[in-house]
>>> print(open('start-v6.cif').read())   # mmCIF, C-alpha atoms
data_final
#
loop_
_atom_site.label_atom_id
_atom_site.label_comp_id
_atom_site.auth_asym_id
_atom_site.auth_seq_id
_atom_site.Cartn_x
_atom_site.Cartn_y
_atom_site.Cartn_z
CA MET A 295 -43.96 -31.34 7.68
CA LEU A 296 -45.07 -30.82 11.21
CA ASP A 297 -46.20 -34.16 12.59
CA LEU A 298 -45.33 -36.63 9.87
CA ARG A 299 -42.59 -38.28 11.89
CA ILE A 300 -41.92 -41.79 13.00
CA GLY A 301 -39.75 -42.08 16.07
CA GLY A 302 -38.62 -38.48 15.61
CA VAL A 303 -37.53 -39.11 12.02
CA HIS A 304 -39.39 -37.87 8.98
CA PRO A 305 -39.53 -39.87 5.76
CA ASP A 306 -37.42 -38.56 2.88
CA ILE A 307 -39.21 -39.02 -0.42
CA MET A 308 -36.59 -37.02 -2.34
CA VAL A 309 -34.22 -39.95 -1.81
CA LEU A 310 -36.63 -42.21 -3.66
CA LEU A 311 -36.61 -40.31 -6.94
CA PRO A 312 -33.00 -41.03 -8.02
CA ILE A 313 -33.46 -44.66 -6.98
CA VAL A 314 -36.49 -45.31 -9.15
CA ALA A 315 -34.99 -43.17 -11.93
CA GLY A 316 -31.92 -45.40 -11.79
CA ILE A 317 -34.07 -48.52 -12.09
CA ILE A 318 -36.15 -47.19 -14.96
CA GLY A 319 -33.65 -45.08 -16.86
CA GLY A 320 -30.29 -46.58 -16.03
CA PRO A 321 -27.17 -45.15 -14.39
CA SER A 322 -26.97 -41.84 -16.28
CA ARG A 323 -30.60 -40.96 -15.77
CA GLY A 324 -30.40 -41.98 -12.12
CA ALA A 325 -27.33 -39.82 -11.60
CA GLY A 326 -28.86 -36.84 -13.41
CA ILE A 327 -32.13 -36.95 -11.52
CA GLY A 328 -30.28 -37.56 -8.26
CA PHE A 329 -28.18 -34.47 -8.87
CA THR A 330 -31.18 -32.32 -9.80
CA THR A 331 -33.47 -33.41 -6.96
CA GLY A 332 -30.56 -33.16 -4.55
CA LEU A 333 -29.79 -29.62 -5.59
CA VAL A 334 -33.44 -28.66 -5.09
CA SER A 335 -33.42 -30.32 -1.66
CA ASP A 336 -30.27 -28.43 -0.74
CA LEU A 337 -32.13 -25.15 -1.16
CA PHE A 338 -34.23 -25.99 1.88
CA LEU A 339 -31.82 -27.94 4.07
CA PRO A 340 -29.47 -26.57 6.73
CA THR A 341 -26.74 -29.02 5.70
CA PRO A 342 -23.89 -28.09 3.26
CA PHE A 343 -25.15 -26.86 -0.09
CA GLY A 344 -24.46 -29.46 -2.78
CA LEU A 345 -24.21 -32.43 -0.42
CA SER A 346 -27.62 -33.87 -1.35
CA ALA A 347 -26.77 -33.41 -5.04
CA LEU A 348 -23.50 -35.30 -4.61
CA VAL A 349 -25.03 -38.19 -2.69
CA GLY A 350 -28.10 -38.25 -4.94
CA CYS A 351 -26.11 -38.66 -8.15
CA LEU A 352 -23.91 -41.35 -6.59
CA VAL A 353 -26.89 -43.35 -5.33
CA GLY A 354 -28.89 -42.90 -8.54
CA PHE A 355 -25.92 -44.10 -10.55
CA GLY A 356 -25.24 -46.98 -8.17
CA VAL A 357 -28.82 -48.24 -8.21
CA GLY A 358 -28.96 -47.93 -11.99
CA LEU A 359 -25.76 -49.94 -12.32
CA ALA A 360 -26.78 -52.58 -9.79
CA THR A 361 -30.17 -53.24 -11.37
CA ILE A 362 -29.19 -53.02 -15.02
CA ALA A 363 -28.76 -56.76 -15.42
CA LEU A 364 -31.90 -57.63 -13.48
CA ASP A 365 -35.39 -58.25 -14.72
CA ARG A 366 -37.00 -54.86 -14.16
CA THR A 367 -40.51 -56.23 -14.47
CA VAL A 368 -40.48 -58.16 -11.20
CA TRP A 369 -42.59 -56.36 -8.61
CA TRP A 370 -40.14 -56.66 -5.74
CA LEU A 371 -37.21 -54.99 -7.50
CA ALA A 372 -38.28 -51.42 -6.72
CA PRO A 373 -39.02 -51.98 -3.01
CA MET A 374 -35.75 -53.86 -2.51
CA ALA A 375 -33.74 -51.24 -4.40
CA ALA A 376 -35.47 -48.50 -2.40
CA LEU A 377 -34.65 -50.31 0.84
CA GLY A 378 -30.96 -50.72 0.03
CA GLY A 379 -30.54 -47.46 -1.87
CA SER A 380 -32.13 -45.36 0.86
CA ALA A 381 -29.95 -46.96 3.53
CA LEU A 382 -26.87 -46.30 1.40
CA TYR A 383 -28.00 -42.72 0.82
CA GLU A 384 -28.48 -41.90 4.51
CA VAL A 385 -25.22 -43.48 5.64
CA THR A 386 -23.26 -41.79 2.85
CA TYR A 387 -24.97 -38.49 3.57
CA GLY A 388 -24.05 -38.58 7.25
CA ALA A 389 -20.49 -39.73 6.58
CA LEU A 390 -19.80 -37.14 3.87
CA GLY A 391 -21.40 -34.40 5.96
CA SER A 392 -19.09 -35.33 8.80
CA VAL A 393 -16.09 -35.21 6.46
CA LEU A 394 -17.22 -31.77 5.27
CA GLY A 395 -16.92 -30.26 8.74
CA GLN A 396 -20.30 -31.12 10.26
CA PRO A 397 -19.44 -33.94 12.69
CA GLN A 398 -22.84 -33.66 14.37
CA MET A 399 -24.30 -35.36 11.29
CA LEU A 400 -22.96 -38.65 12.62
CA HIS A 401 -24.26 -37.93 16.12
CA VAL A 402 -27.88 -38.39 15.11
CA ALA A 403 -29.67 -41.68 15.68
CA LEU A 404 -28.39 -42.88 12.31
CA ALA A 405 -29.79 -46.40 12.64
CA ARG A 406 -33.25 -45.01 13.29
CA VAL A 407 -32.96 -42.61 10.35
CA VAL A 408 -31.84 -45.43 8.07
CA ILE A 409 -34.66 -47.75 9.14
CA VAL A 410 -37.45 -45.16 8.92
CA VAL A 411 -36.37 -43.71 5.58
CA SER A 412 -35.61 -47.10 4.01
CA VAL A 413 -38.84 -48.77 5.07
CA THR A 414 -41.08 -45.85 4.09
CA ASN A 415 -39.36 -45.56 0.73
CA ALA A 416 -39.68 -49.31 0.16
CA ILE A 417 -43.42 -48.99 0.77
CA LEU A 418 -43.69 -46.01 -1.55
CA ALA A 419 -41.42 -47.45 -4.24
CA ILE A 420 -44.11 -49.01 -6.44
CA PRO A 421 -46.29 -45.88 -6.75
CA ALA A 422 -43.10 -43.84 -7.21
CA MET A 423 -42.09 -46.13 -10.09
CA ARG A 424 -45.39 -45.45 -11.81
CA LEU A 425 -44.98 -41.72 -11.25
CA VAL A 426 -41.45 -41.59 -12.63
CA LYS A 427 -42.35 -43.86 -15.57
CA TRP A 428 -45.12 -41.46 -16.38
CA GLY A 429 -42.65 -38.58 -16.16
CA MET A 430 -40.08 -40.17 -18.39
CA ALA A 431 -40.87 -40.51 -22.05
CA GLU A 432 -39.30 -43.93 -22.29
CA ALA A 433 -36.95 -46.04 -20.24
CA SER A 434 -33.33 -45.60 -21.21
CA THR A 435 -31.22 -48.54 -22.23
CA GLU A 436 -27.93 -46.76 -21.68
CA GLY A 437 -25.13 -48.82 -20.25
CA MET A 438 -26.56 -52.00 -21.71
CA PRO A 439 -24.39 -54.19 -23.91
CA THR A 440 -24.45 -53.01 -27.51
CA SER A 441 -23.61 -56.38 -28.97
CA ASP A 442 -25.79 -59.43 -29.00
CA ALA A 443 -23.93 -60.86 -26.01
CA GLY A 444 -26.97 -60.33 -23.83
CA VAL A 445 -27.50 -58.57 -20.56
CA GLY A 446 -25.57 -61.20 -18.70
CA ALA A 447 -22.33 -59.62 -19.90
CA ALA A 448 -23.07 -56.39 -18.11
CA ARG A 449 -21.69 -55.99 -14.64
CA MET B 276 -17.96 -62.70 -32.49
CA ALA B 277 -16.89 -59.23 -31.38
CA PRO B 278 -16.59 -58.72 -27.63
CA PRO B 279 -19.40 -56.73 -26.02
CA ARG B 280 -18.84 -52.97 -25.88
CA ARG B 281 -20.22 -50.86 -23.11
CA SER B 282 -21.02 -47.22 -23.35
CA ARG B 283 -18.72 -44.89 -21.41
CA ARG B 284 -21.37 -42.21 -21.23
CA PRO B 285 -22.79 -43.18 -17.81
CA ARG B 286 -19.38 -42.95 -16.17
CA THR B 287 -18.63 -39.67 -17.87
CA THR B 288 -21.99 -38.31 -16.74
CA LEU B 289 -21.35 -39.45 -13.18
CA LEU B 290 -17.88 -37.93 -13.20
CA LEU B 291 -19.19 -34.58 -14.44
CA LEU B 292 -22.01 -34.50 -11.90
CA VAL B 293 -19.72 -35.45 -9.02
CA LEU B 294 -17.27 -32.75 -10.08
CA ALA B 295 -20.12 -30.23 -10.30
CA ALA B 296 -21.39 -31.17 -6.83
CA VAL B 297 -17.93 -31.06 -5.26
CA THR B 298 -17.31 -27.69 -6.91
CA ILE B 299 -20.58 -26.32 -5.52
CA ILE B 300 -19.80 -27.63 -2.02
CA THR B 301 -16.29 -26.19 -2.12
CA LEU B 302 -17.35 -22.79 -3.43
CA ASP B 303 -20.15 -22.58 -0.88
CA ALA B 304 -17.81 -23.45 1.97
CA ARG B 305 -15.14 -20.97 0.92
CA GLY B 306 -17.23 -17.87 1.49
CA GLY B 307 -17.60 -15.77 -1.66
CA PHE B 308 -20.01 -18.07 -3.43
CA HIS B 309 -21.92 -18.53 -0.16
CA VAL B 310 -23.54 -15.13 -0.72
CA VAL B 311 -24.95 -16.43 -4.01
CA THR B 312 -26.21 -19.72 -2.55
CA SER B 313 -27.70 -17.93 0.46
CA GLY B 314 -29.50 -15.57 -1.90
CA VAL B 315 -30.82 -18.43 -4.02
CA ARG B 316 -31.91 -20.32 -0.92
CA SER B 317 -33.66 -17.23 0.43
CA VAL B 318 -35.52 -16.66 -2.84
CA ALA B 319 -36.46 -20.34 -3.09
CA THR B 320 -37.70 -20.37 0.49
CA ASP B 321 -39.87 -17.32 -0.12
CA ALA B 322 -41.16 -18.72 -3.41
CA PHE B 323 -42.04 -22.13 -1.99
CA SER B 324 -43.36 -20.86 1.32
CA PRO B 325 -47.02 -20.82 0.18
CA VAL B 326 -46.62 -24.29 -1.34
CA ARG B 327 -45.15 -25.64 1.87
CA SER B 328 -47.95 -24.07 3.88
CA GLY B 329 -50.47 -25.73 1.59
CA VAL B 330 -48.74 -29.09 1.81
CA ASN B 331 -48.53 -28.77 5.59
CA ALA B 332 -52.24 -28.01 5.76
CA VAL B 333 -52.96 -31.20 3.83
CA VAL B 334 -50.40 -33.39 5.56
CA GLU B 335 -50.80 -32.22 9.15
CA PRO B 336 -54.09 -34.06 9.74
CA ILE B 337 -52.45 -37.24 8.47
CA GLY B 338 -49.50 -36.64 10.77
CA SER B 339 -51.84 -35.95 13.67
CA PHE B 340 -53.61 -39.22 12.97
CA LEU B 341 -50.32 -41.08 12.93
CA ALA B 342 -49.11 -39.32 16.05
CA GLY B 343 -52.13 -40.60 17.89
CA SER B 344 -55.56 -39.49 18.89
CA VAL B 345 -54.16 -37.57 21.86
CA HIS B 346 -52.86 -34.86 19.56
CA TYR B 347 -56.19 -33.70 18.39
CA GLY B 348 -57.33 -30.45 16.79
CA ALA B 349 -58.33 -27.42 18.77
CA VAL B 350 -57.85 -28.95 22.20
CA ARG B 351 -54.27 -29.66 21.37
CA GLU B 352 -53.64 -26.18 20.04
CA GLN B 353 -55.25 -24.58 23.07
CA ASN B 354 -53.23 -26.79 25.37
CA GLN B 355 -50.01 -25.77 23.65
CA LYS B 356 -50.88 -22.08 23.88
CA LEU B 357 -51.55 -22.38 27.61
CA GLN B 358 -48.40 -24.43 28.09
CA ALA B 359 -46.41 -21.78 26.25
CA GLU B 360 -47.80 -19.09 28.54
CA ILE B 361 -46.96 -21.12 31.66
CA ASP B 362 -43.45 -21.78 30.42
CA GLN B 363 -42.98 -18.11 29.57
CA LEU B 364 -43.98 -17.18 33.15
CA LYS B 365 -41.62 -19.83 34.52
CA MET B 366 -38.78 -18.44 32.43
CA GLN B 367 -39.49 -14.91 33.64
CA ASP B 368 -39.53 -16.11 37.22
CA ARG B 369 -36.23 -18.00 36.86
CA SER B 370 -34.43 -15.21 35.10
CA ALA B 371 -35.82 -12.50 37.39
CA ALA B 372 -33.48 -13.30 40.29
CA ASP B 373 -30.48 -13.43 37.99
CA GLN B 374 -31.46 -10.20 36.28
CA ALA B 375 -32.08 -8.50 39.61
CA GLU B 376 -28.65 -9.51 40.83
CA ALA B 377 -27.01 -8.38 37.61
CA LEU B 378 -28.98 -5.14 37.66
CA SER B 379 -28.01 -4.33 41.22
CA GLN B 380 -24.34 -5.00 40.49
CA LEU B 381 -24.35 -2.96 37.31
CA SER B 382 -26.28 -0.14 38.94
CA ALA B 383 -23.83 -0.06 41.78
CA LEU B 384 -20.84 -0.01 39.48
CA LEU B 385 -22.09 2.19 36.69
CA HIS B 386 -24.85 4.12 38.43
CA LEU B 387 -27.34 3.01 35.83
CA THR B 388 -30.77 4.42 36.45
CA PHE B 389 -32.63 2.16 34.11
CA VAL B 390 -32.21 -0.91 31.93
CA GLY B 391 -34.12 -1.08 28.71
CA ASN B 392 -36.20 -4.19 27.96
CA LEU B 393 -35.16 -6.29 25.03
CA GLN B 394 -37.53 -6.15 22.10
CA THR B 395 -38.92 -9.44 20.79
CA VAL B 396 -40.87 -10.65 17.76
CA PRO B 397 -43.34 -13.49 18.35
CA ALA B 398 -43.25 -16.28 15.80
CA GLN B 399 -44.98 -19.52 15.04
CA VAL B 400 -43.01 -22.67 14.38
CA THR B 401 -43.86 -23.81 10.87
CA ASP B 402 -41.60 -26.82 10.55
CA PHE B 403 -39.52 -29.05 12.76
CA GLY B 404 -36.23 -29.90 11.16
CA THR B 405 -36.18 -30.14 7.39
CA SER B 406 -33.24 -32.52 7.75
CA ASN B 407 -32.81 -35.65 9.85
CA PHE B 408 -29.18 -34.61 10.25
CA ALA B 409 -29.61 -31.22 11.95
CA ALA B 410 -31.73 -29.93 14.83
CA THR B 411 -33.49 -26.88 13.40
CA ILE B 412 -36.92 -25.32 13.25
CA ASP B 413 -38.46 -22.95 10.73
CA ILE B 414 -40.44 -19.93 11.92
CA ASN B 415 -42.82 -17.60 10.13
CA VAL B 416 -40.95 -14.32 10.63
CA GLY B 417 -38.04 -12.99 8.61
CA ARG B 418 -36.17 -9.92 7.48
CA SER B 419 -39.37 -7.96 6.97
CA ASP B 420 -40.07 -8.38 10.70
CA GLY B 421 -36.63 -7.19 11.75
CA VAL B 422 -35.12 -10.64 12.19
CA GLN B 423 -31.44 -10.94 11.35
CA LEU B 424 -28.80 -13.65 11.38
CA SER B 425 -27.52 -14.81 14.80
CA MET B 426 -30.41 -13.37 16.80
CA PRO B 427 -31.38 -15.44 19.87
CA VAL B 428 -34.71 -17.24 19.97
CA VAL B 429 -36.50 -17.97 23.25
CA GLY B 430 -39.73 -19.60 24.28
CA ASN B 431 -41.32 -22.38 26.23
CA GLY B 432 -39.21 -21.76 29.34
CA GLY B 433 -35.77 -20.77 28.07
CA LEU B 434 -33.33 -20.41 25.24
CA VAL B 435 -34.39 -22.21 22.08
CA GLY B 436 -31.54 -21.42 19.71
CA GLN B 437 -30.16 -18.95 17.24
CA VAL B 438 -31.23 -17.74 13.80
CA VAL B 439 -28.94 -19.28 11.17
CA ARG B 440 -30.82 -18.43 7.99
CA VAL B 441 -33.21 -15.61 7.14
CA SER B 442 -35.39 -15.00 4.14
CA ARG B 443 -37.91 -12.21 3.72
CA HIS B 444 -40.76 -13.88 5.58
CA THR B 445 -39.23 -16.94 7.24
CA ALA B 446 -36.18 -17.92 9.23
CA THR B 447 -34.39 -21.09 10.26
CA VAL B 448 -33.34 -21.51 13.88
CA ARG B 449 -30.57 -23.85 14.99
CA LEU B 450 -31.70 -25.43 18.25
CA ILE B 451 -29.36 -25.58 21.24
CA THR B 452 -29.44 -29.37 20.94
CA ASP B 453 -27.84 -29.30 17.48
CA GLY B 454 -24.30 -30.64 17.37
CA GLN B 455 -22.99 -27.31 16.10
CA SER B 456 -24.54 -25.28 18.93
CA ALA B 457 -22.37 -23.87 21.74
CA VAL B 458 -23.78 -21.42 24.28
CA GLY B 459 -21.71 -19.41 26.75
CA THR B 460 -23.32 -19.84 30.17
CA ARG B 461 -22.96 -19.03 33.85
CA TYR B 462 -23.87 -21.18 36.83
CA GLY B 463 -23.58 -21.21 40.59
CA PRO B 464 -23.95 -18.35 43.07
CA PRO B 465 -23.21 -14.82 41.75
CA PRO B 466 -21.07 -13.76 40.07
CA GLY B 467 -21.14 -17.38 38.85
CA SER B 468 -18.71 -19.60 37.02
CA LEU B 469 -18.49 -19.80 33.26
CA ALA B 470 -19.15 -22.85 31.11
CA VAL B 471 -20.05 -23.68 27.53
CA VAL B 472 -23.18 -25.74 26.96
CA ASP B 473 -22.85 -27.86 23.82
CA GLY B 474 -25.52 -29.60 21.80
CA THR B 475 -25.04 -33.26 21.01
CA GLY B 476 -27.91 -33.87 18.60
CA ALA B 477 -31.69 -33.64 18.50
CA GLY B 478 -33.34 -35.40 21.42
CA MET B 479 -30.02 -35.93 23.17
CA PRO B 480 -29.02 -34.29 26.48
CA LEU B 481 -26.73 -31.27 26.40
CA SER B 482 -23.21 -31.37 27.79
CA ALA B 483 -21.21 -28.69 29.59
CA ASP B 484 -17.58 -27.83 28.93
CA LEU B 485 -15.16 -25.97 31.21
CA VAL B 486 -16.75 -27.14 34.46
CA PRO B 487 -13.80 -27.99 36.76
CA SER B 488 -13.65 -31.43 38.29
CA ASN B 489 -15.34 -31.95 41.65
CA THR B 490 -17.53 -28.88 41.20
CA ALA B 491 -20.50 -29.13 43.52
CA LEU B 492 -23.47 -29.21 41.17
CA THR B 493 -26.94 -30.16 42.25
CA ASN B 494 -29.48 -31.75 39.96
CA GLY B 495 -31.88 -29.08 38.77
CA GLU B 496 -29.33 -26.27 38.89
CA VAL B 497 -29.98 -23.91 36.01
CA PHE B 498 -27.31 -22.64 33.63
CA VAL B 499 -28.11 -19.19 32.21
CA THR B 500 -26.54 -17.28 29.33
CA SER B 501 -23.41 -15.45 30.44
CA GLY B 502 -23.84 -12.27 28.40
CA LEU B 503 -20.12 -11.64 28.34
CA GLN B 504 -18.86 -8.91 26.05
CA GLY B 505 -19.23 -10.12 22.47
CA ALA B 506 -21.41 -13.06 23.51
CA LEU B 507 -23.97 -14.33 21.05
CA PHE B 508 -26.77 -14.18 23.62
CA PRO B 509 -27.90 -11.56 26.15
CA ALA B 510 -27.34 -12.36 29.82
CA GLY B 511 -29.74 -14.18 32.06
CA ILE B 512 -31.69 -16.41 29.70
CA PRO B 513 -32.17 -19.91 31.20
CA VAL B 514 -30.52 -22.48 28.96
CA ALA B 515 -30.61 -25.87 30.64
CA ARG B 516 -30.72 -27.58 34.01
CA VAL B 517 -28.41 -30.24 35.37
CA VAL B 518 -29.73 -33.79 35.28
CA ALA B 519 -26.50 -35.63 36.09
CA SER B 520 -22.88 -34.86 36.87
CA HIS B 521 -19.84 -36.81 37.89
CA THR B 522 -16.06 -36.64 37.78
CA GLY B 523 -13.98 -39.45 36.41
CA ASP B 524 -10.92 -40.64 38.32
CA THR B 525 -8.48 -38.91 36.01
CA ALA B 526 -10.74 -36.28 34.46
CA SER B 527 -9.85 -32.60 34.66
CA GLN B 528 -13.44 -31.59 34.01
CA GLU B 529 -16.78 -32.50 35.49
CA SER B 530 -18.93 -34.52 33.14
CA VAL B 531 -22.26 -32.69 33.16
CA SER B 532 -25.45 -33.72 31.44
CA LEU B 533 -28.18 -31.11 31.08
CA GLN B 534 -31.77 -30.93 29.92
CA PRO B 535 -32.88 -27.88 27.90
CA GLU B 536 -35.16 -25.56 29.85
CA ALA B 537 -37.22 -24.97 26.74
CA ASP B 538 -39.62 -27.72 25.79
CA LEU B 539 -37.97 -28.16 22.40
CA PRO B 540 -39.89 -31.21 21.13
CA HIS B 541 -43.22 -29.42 21.61
CA LEU B 542 -42.40 -25.93 20.43
CA ARG B 543 -45.24 -24.11 18.77
CA TYR B 544 -44.61 -20.46 19.47
CA VAL B 545 -41.28 -18.74 20.08
CA SER B 546 -39.95 -15.20 20.35
CA VAL B 547 -37.02 -13.85 18.39
CA VAL B 548 -34.99 -11.43 20.52
CA LEU B 549 -34.00 -8.44 18.42
CA TRP B 550 -30.53 -8.43 19.85
CA GLY B 551 -27.03 -8.82 18.53
CA PRO B 552 -23.63 -8.97 20.18
CA SER B 553 -23.20 -5.24 19.54
CA SER B 554 -26.51 -4.36 21.25
#
>>> encode(input="start-v6.cif", output="structure tokens")
Amino acid sequence: MLDLRIGGVHPDIMVLLPIVAGIIGGPSRGAGIGFTTGLVSDLFLPTPFGLSALVGCLVGFGVGLATIALDRTVWWLAPMAALGGSALYEVTYGALGSVLGQPQMLHVALARVVIVVSVTNAILAIPAMRLVKWGMAEASTEGMPTSDAGVGAAR
Amino acid sequence: MAPPRRSRRPRTTLLLLVLAAVTIITLDARGGFHVVTSGVRSVATDAFSPVRSGVNAVVEPIGSFLAGSVHYGAVREQNQKLQAEIDQLKMQDRSAADQAEALSQLSALLHLTFVGNLQTVPAQVTDFGTSNFAATIDINVGRSDGVQLSMPVVGNGGLVGQVVRVSRHTATVRLITDGQSAVGTRYGPPPGSLAVVDGTGAGMPLSADLVPSNTALTNGEVFVTSGLQGALFPAGIPVARVVASHTGDTASQESVSLQPEADLPHLRYVSVVLWGPSS
């Protein structure tokens, strides 16, 4: 998008989808949506094909796992998860790209990329939650304890 | 009370997806499968091109608002067109002396009576960098316009980059500032010394390799494409000008920092040179 840039960095909404899917649907759903949206992103990116899918499923899974024991109804959960998840996504993306033979991916202004993408995704997290909730039939409870031990037993 | 059991399905799902992603990355990198992924990417780019244009049309005013009131509507577009024309004239002027020198030498050696002009295809920049991790632009010409992989792209005063992906109606150009870009160049009085100008990332200065230590370089000196046999770019295109150079105490090479001749951050129109190494 031509001019939608902040400090030379454009926001990356595709990163947000696996994060909110992980919060709403749990680790599996987060990983699945991260893989799918990543693969679609890879069709249009000049970076290695499959890299966004790999990082997307890892981050979606990670966010789902990290928030599974938390109260998902609190309003600040999505923005905070988007902030941390987006930062993790961008750093992992650059590092893995570098490992996969594209060292220039660590020569970008990574701190600026992390800040811009994380903050914009944190701002957009609440409307994105509503959008993804609408898209999903019902929130998954996968990965939750199956006994009556309560959510506190889950790591 | 029985201990809590946790489903293994999430981990299995993650494992399968990671394996699938790693397999895709590996197959794509190893060559054979790359033809398939390139084809899929090309089809997807063509299919989504109208959608992207529509989204850009909606989003661009918002972006213009965010970018500031200076970048405004028709005045801005007209200004960019005029700037592009001025830069094109500057590039022609800079490369004329080099081309004249090369022409006279070639004519003397080979008794050439004429030199054909390189054919170009004008293009509009439709997107600046779809990734924050690579310095690329998208342009609105593709295979149907004669554009092929590896063709040079010029505009706004000098070399812009090289075509790295082509679909039917669009192409992606890797800018000379991208970390994977390396351009064979020539500098100094004719016949000139050779150097490789490397990109170091979007918005960062270029660096030059193979410049011997204590080489007398002046700020503003222009490096032009070398055009050696098998080179990726034709000879005489301005690439970058020196902004700083120094030699370390124990360095075997001059440390040279260069600024691209093309106004890369403000590109709007470019020309694809219909030229390949075999031309």
>>> residues_around(input="start-v6.cif", residues="stretch 380-383 of chain A", least_positions_apart="5", cutoff="9 Å", atoms="only C-alpha atoms", output="PyMOL selection string")
chain A and resi 306+309-310+313+349-350+352-353+375+388+407-409+411-413+415-416
>>> residues_around(input="start-v6.cif", residues="stretch 326-343 of chain A", least_positions_apart="5", cutoff="8 Å", atoms="all atoms listed in the file", output="JSON list (two decimals) with C-alpha atoms, in the frame of the given file")
[["chain", "number", "residue", "atom", "x", "y", "z"],
["A", 308, "MET", "CA", -36.59, -37.02, -2.34],
["A", 309, "VAL", "CA", -34.22, -39.95, -1.81],
["A", 311, "LEU", "CA", -36.61, -40.31, -6.94],
["A", 312, "PRO", "CA", -33.00, -41.03, -8.02],
["A", 313, "ILE", "CA", -33.46, -44.66, -6.98],
["A", 315, "ALA", "CA", -34.99, -43.17, -11.93],
["A", 348, "LEU", "CA", -23.50, -35.30, -4.61],
["A", 349, "VAL", "CA", -25.03, -38.19, -2.69],
["A", 350, "GLY", "CA", -28.10, -38.25, -4.94],
["A", 351, "CYS", "CA", -26.11, -38.66, -8.15],
["A", 352, "LEU", "CA", -23.91, -41.35, -6.59],
["A", 353, "VAL", "CA", -26.89, -43.35, -5.33],
["A", 354, "GLY", "CA", -28.89, -42.90, -8.54],
["A", 391, "GLY", "CA", -21.40, -34.40, 5.96],
["A", 394, "LEU", "CA", -17.22, -31.77, 5.27],
["B", 288, "THR", "CA", -21.99, -38.31, -16.74],
["B", 289, "LEU", "CA", -21.35, -39.45, -13.18],
["B", 292, "LEU", "CA", -22.01, -34.50, -11.90],
["B", 296, "ALA", "CA", -21.39, -31.17, -6.83],
["B", 299, "ILE", "CA", -20.58, -26.32, -5.52],
["B", 300, "ILE", "CA", -19.80, -27.63, -2.02],
["B", 303, "ASP", "CA", -20.15, -22.58, -0.88],
["B", 304, "ALA", "CA", -17.81, -23.45, 1.97],
["B", 312, "THR", "CA", -26.21, -19.72, -2.55],
["B", 315, "VAL", "CA", -30.82, -18.43, -4.02],
["B", 316, "ARG", "CA", -31.91, -20.32, -0.92],
["B", 319, "ALA", "CA", -36.46, -20.34, -3.09],
["B", 320, "THR", "CA", -37.70, -20.37, 0.49],
["B", 405, "THR", "CA", -36.18, -30.14, 7.39],
["B", 406, "SER", "CA", -33.24, -32.52, 7.75],
["B", 408, "PHE", "CA", -29.18, -34.61, 10.25],
["B", 409, "ALA", "CA", -29.61, -31.22, 11.95],
["B", 411, "THR", "CA", -33.49, -26.88, 13.40]]
>>> atom_distance(input="start-v6.cif", atom1="atom CA of B:Pro397", atom2="atom CA of A:Ile300")
28.8 Å
>>> resolve_selection(input="start-v6.cif", expression="the PyMOL selection byres ((chain B and resi 448) around 12)", output="ChimeraX atom specification")
/A:339-340 /B:398-405,409-417,422-429,434-442,445-447,449-453,456,539,545-547
>>> atom_distance(input="start-v6.cif", atom1="atom CA of B:Asn354", atom2="atom CA of B:Tyr544")
12.2 Å
>>> build_atoms(input="start-v6.cif", residues="stretch 378-387 of chain A", atoms="N, CA and C atoms", output="PDB file, keeping the file's coordinate frame")
ATOM      1  N   GLY A 378     -32.429 -50.776  -0.002  1.00  0.00           N
ATOM      2  CA  GLY A 378     -30.960 -50.720   0.030  1.00  0.00           C
ATOM      3  C   GLY A 378     -30.423 -49.352  -0.358  1.00  0.00           C
ATOM      4  N   GLY A 379     -31.017 -48.763  -1.403  1.00  0.00           N
ATOM      5  CA  GLY A 379     -30.540 -47.460  -1.870  1.00  0.00           C
ATOM      6  C   GLY A 379     -30.740 -46.365  -0.845  1.00  0.00           C
ATOM      7  N   SER A 380     -31.868 -46.386  -0.153  1.00  0.00           N
ATOM      8  CA  SER A 380     -32.130 -45.360   0.860  1.00  0.00           C
ATOM      9  C   SER A 380     -31.159 -45.495   2.032  1.00  0.00           C
ATOM     10  N   ALA A 381     -30.913 -46.742   2.442  1.00  0.00           N
ATOM     11  CA  ALA A 381     -29.950 -46.960   3.530  1.00  0.00           C
ATOM     12  C   ALA A 381     -28.575 -46.448   3.127  1.00  0.00           C
ATOM     13  N   LEU A 382     -28.172 -46.765   1.903  1.00  0.00           N
ATOM     14  CA  LEU A 382     -26.870 -46.300   1.400  1.00  0.00           C
ATOM     15  C   LEU A 382     -26.820 -44.776   1.359  1.00  0.00           C
ATOM     16  N   TYR A 383     -27.920 -44.169   0.918  1.00  0.00           N
ATOM     17  CA  TYR A 383     -28.000 -42.720   0.820  1.00  0.00           C
ATOM     18  C   TYR A 383     -27.789 -42.076   2.198  1.00  0.00           C
ATOM     19  N   GLU A 384     -28.534 -42.539   3.187  1.00  0.00           N
ATOM     20  CA  GLU A 384     -28.480 -41.900   4.510  1.00  0.00           C
ATOM     21  C   GLU A 384     -27.109 -42.068   5.164  1.00  0.00           C
ATOM     22  N   VAL A 385     -26.545 -43.250   5.038  1.00  0.00           N
ATOM     23  CA  VAL A 385     -25.220 -43.480   5.640  1.00  0.00           C
ATOM     24  C   VAL A 385     -24.168 -42.628   4.935  1.00  0.00           C
ATOM     25  N   THR A 386     -24.214 -42.604   3.603  1.00  0.00           N
ATOM     26  CA  THR A 386     -23.260 -41.790   2.850  1.00  0.00           C
ATOM     27  C   THR A 386     -23.429 -40.318   3.163  1.00  0.00           C
ATOM     28  N   TYR A 387     -24.674 -39.899   3.286  1.00  0.00           N
ATOM     29  CA  TYR A 387     -24.970 -38.490   3.570  1.00  0.00           C
ATOM     30  C   TYR A 387     -24.369 -38.072   4.914  1.00  0.00           C
TER      31      TYR A 387
END
